[in-house]
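Chemist: The structure follows.
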Amino acid sequence: MLSFIPFILIFVIFYFLLVMPQQKKMKKRKAMIEALKKGDRVTTTGGIIGTVTNLSPDVVTIQIAEGVRVKVGRNYIEEVQTAEAGGAEERAK
């Protein structure tokens with residue numbers, strides 16, 4: 001029985017160092033994607049930066065230039081800047 005204690009200890013350490021942070025990151029990403037709204041500035045995993053113009057359950061339409069709109073899957077949104085934060089950054093420049 002005592003020989004199992006090191007294995008159990010290693011498993012517990014592994015869980016707290018690797019599994020928990022990954023689960024926390026996944027929850028944060030899911031919340032970010034669910035909170036998308038029109039007017040948010042987003043960056044896709046491919047590096048395209050644009051403004052959200054339309055939302056559906058699986059697809060986000062992004063305006064990347066005047067009159068240029070691209071549809072991407074919600075899972076490909078990498079980063080979100082809310083409409084308020086994006087406007088404040090542009091005014092600061």
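In the structure tokens, each chain is lettered A, B, ... as it comes, each chain's residues begin at 1, and ligands are numbered from 1 in order of appearance.
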Would you please give, as a PyMOL selection string, all residues of chain A that DSSP assigns to helix (DSSP H, G or I) based on the backbone?
Modeler: chain A and resi 2-34+74-76+83-92
Chemist: Applying 12 Å and only C-alpha atoms, which residues near Arg69 of chain A remain after dropping the ones on its own chain fewer than 2 positions away? List them as a list in words.
Modeler: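 Skipping anything fewer than 2 positions along the chain leaves Ile48, Ile49, Gly50, Thr51, Val52, Thr53, Asn54, Val60, Thr61, Ile62, Gln63, Ile64, Ala65, Glu66, Gly67, Lys71 and Val72 of chain A.
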Chemist: Using DSSP on the backbone, list every residue of chain A that comes out as strand (DSSP E), and give them as a ChimeraX atom specification.
Modeler: /A:41-44,49-55,59-65,68-73,77-81
Chemist: Could the residues in this selection be saved with N, CA and C atoms as a JSON list (two decimals), in the first residue's frame?
Modeler:
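Generated output (out_27.json):
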[["chain", "number", "residue", "atom", "x", "y", "z"],
["A", 41, "ARG", "N", -14.38, 44.26, -31.71],
["A", 41, "ARG", "CA", -13.22, 44.06, -32.58],
["A", 41, "ARG", "C", -12.63, 42.72, -32.22],
["A", 42, "VAL", "N", -12.38, 41.89, -33.23],
["A", 42, "VAL", "CA", -11.87, 40.55, -32.99],
["A", 42, "VAL", "C", -10.65, 40.27, -33.85],
["A", 43, "THR", "N", -9.85, 39.32, -33.39],
["A", 43, "THR", "CA", -8.73, 38.80, -34.16],
["A", 43, "THR", "C", -8.97, 37.31, -34.31],
["A", 44, "THR", "N", -8.84, 36.81, -35.54],
["A", 44, "THR", "CA", -9.03, 35.38, -35.77],
["A", 44, "THR", "C", -7.71, 34.64, -35.58],
["A", 49, "ILE", "N", -8.08, 40.83, -38.56],
["A", 49, "ILE", "CA", -8.65, 41.72, -37.56],
["A", 49, "ILE", "C", -9.84, 42.42, -38.18],
["A", 50, "GLY", "N", -10.95, 42.44, -37.46],
["A", 50, "GLY", "CA", -12.14, 43.09, -37.99],
["A", 50, "GLY", "C", -13.17, 43.33, -36.91],
["A", 51, "THR", "N", -14.32, 43.83, -37.33],
["A", 51, "THR", "CA", -15.41, 44.16, -36.43],
["A", 51, "THR", "C", -16.58, 43.22, -36.69],
["A", 52, "VAL", "N", -17.16, 42.69, -35.63],
["A", 52, "VAL", "CA", -18.29, 41.77, -35.75],
["A", 52, "VAL", "C", -19.51, 42.54, -36.25],
["A", 53, "THR", "N", -20.11, 42.05, -37.34],
["A", 53, "THR", "CA", -21.31, 42.69, -37.89],
["A", 53, "THR", "C", -22.55, 41.82, -37.77],
["A", 54, "ASN", "N", -22.36, 40.50, -37.68],
["A", 54, "ASN", "CA", -23.50, 39.60, -37.58],
["A", 54, "ASN", "C", -23.07, 38.33, -36.85],
["A", 55, "LEU", "N", -23.99, 37.78, -36.07],
["A", 55, "LEU", "CA", -23.71, 36.56, -35.30],
["A", 55, "LEU", "C", -24.78, 35.51, -35.57],
["A", 59, "VAL", "N", -21.44, 30.75, -36.80],
["A", 59, "VAL", "CA", -20.69, 31.60, -37.72],
["A", 59, "VAL", "C", -20.75, 33.06, -37.27],
["A", 60, "VAL", "N", -19.61, 33.74, -37.42],
["A", 60, "VAL", "CA", -19.51, 35.17, -37.12],
["A", 60, "VAL", "C", -19.14, 35.88, -38.41],
["A", 61, "THR", "N", -19.85, 36.96, -38.74],
["A", 61, "THR", "CA", -19.49, 37.76, -39.91],
["A", 61, "THR", "C", -18.67, 38.94, -39.42],
["A", 62, "ILE", "N", -17.49, 39.10, -40.04],
["A", 62, "ILE", "CA", -16.55, 40.14, -39.62],
["A", 62, "ILE", "C", -16.32, 41.09, -40.79],
["A", 63, "GLN", "N", -16.41, 42.39, -40.51],
["A", 63, "GLN", "CA", -16.08, 43.39, -41.52],
["A", 63, "GLN", "C", -14.61, 43.74, -41.34],
["A", 64, "ILE", "N", -13.80, 43.47, -42.39],
["A", 64, "ILE", "CA", -12.36, 43.71, -42.28],
["A", 64, "ILE", "C", -11.94, 44.98, -42.99],
["A", 65, "ALA", "N", -12.79, 45.49, -43.87],
["A", 65, "ALA", "CA", -12.56, 46.77, -44.55],
["A", 65, "ALA", "C", -13.93, 47.27, -45.00],
["A", 68, "VAL", "N", -16.14, 44.97, -47.09],
["A", 68, "VAL", "CA", -15.55, 43.62, -47.17],
["A", 68, "VAL", "C", -15.92, 42.86, -45.90],
["A", 69, "ARG", "N", -16.71, 41.82, -46.07],
["A", 69, "ARG", "CA", -17.14, 41.02, -44.92],
["A", 69, "ARG", "C", -16.73, 39.57, -45.13],
["A", 70, "VAL", "N", -16.30, 38.96, -44.05],
["A", 70, "VAL", "CA", -15.83, 37.58, -44.08],
["A", 70, "VAL", "C", -16.59, 36.79, -43.02],
["A", 71, "LYS", "N", -17.01, 35.58, -43.38],
["A", 71, "LYS", "CA", -17.66, 34.71, -42.41],
["A", 71, "LYS", "C", -16.62, 33.73, -41.88],
["A", 72, "VAL", "N", -16.55, 33.60, -40.56],
["A", 72, "VAL", "CA", -15.64, 32.65, -39.92],
["A", 72, "VAL", "C", -16.40, 31.89, -38.84],
["A", 73, "GLY", "N", -15.93, 30.71, -38.53],
["A", 73, "GLY", "CA", -16.52, 29.93, -37.45],
["A", 73, "GLY", "C", -16.20, 30.58, -36.10],
["A", 77, "ILE", "N", -12.23, 32.50, -33.51],
["A", 77, "ILE", "CA", -12.00, 33.81, -32.90],
["A", 77, "ILE", "C", -10.96, 33.61, -31.80],
["A", 78, "GLU", "N", -9.85, 34.32, -31.91],
["A", 78, "GLU", "CA", -8.74, 34.16, -30.98],
["A", 78, "GLU", "C", -8.79, 35.18, -29.85],
["A", 79, "GLU", "N", -9.16, 36.42, -30.18],
["A", 79, "GLU", "CA", -9.11, 37.50, -29.20],
["A", 79, "GLU", "C", -10.27, 38.45, -29.46],
["A", 80, "VAL", "N", -10.82, 39.01, -28.39],
["A", 80, "VAL", "CA", -11.94, 39.94, -28.52],
["A", 80, "VAL", "C", -11.60, 41.21, -27.77],
["A", 81, "GLN", "N", -11.84, 42.34, -28.44],
["A", 81, "GLN", "CA", -11.77, 43.64, -27.79],
["A", 81, "GLN", "C", -13.19, 44.19, -27.87]]
Chemist: Can you work out the spacing between atom CA of Leu18 of chain A and atom CA of Gly47 of chain A in Å, to one decimal?
Modeler: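 One can read the atom CA of Leu18 of chain A to atom CA of Gly47 of chain A distance as 27.5 Å.
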Chemist: Provide the atom CA of Ile33 of chain A to atom CA of Arg74 of chain A distance in Å, to one decimal place.
Modeler: 6.8 Å
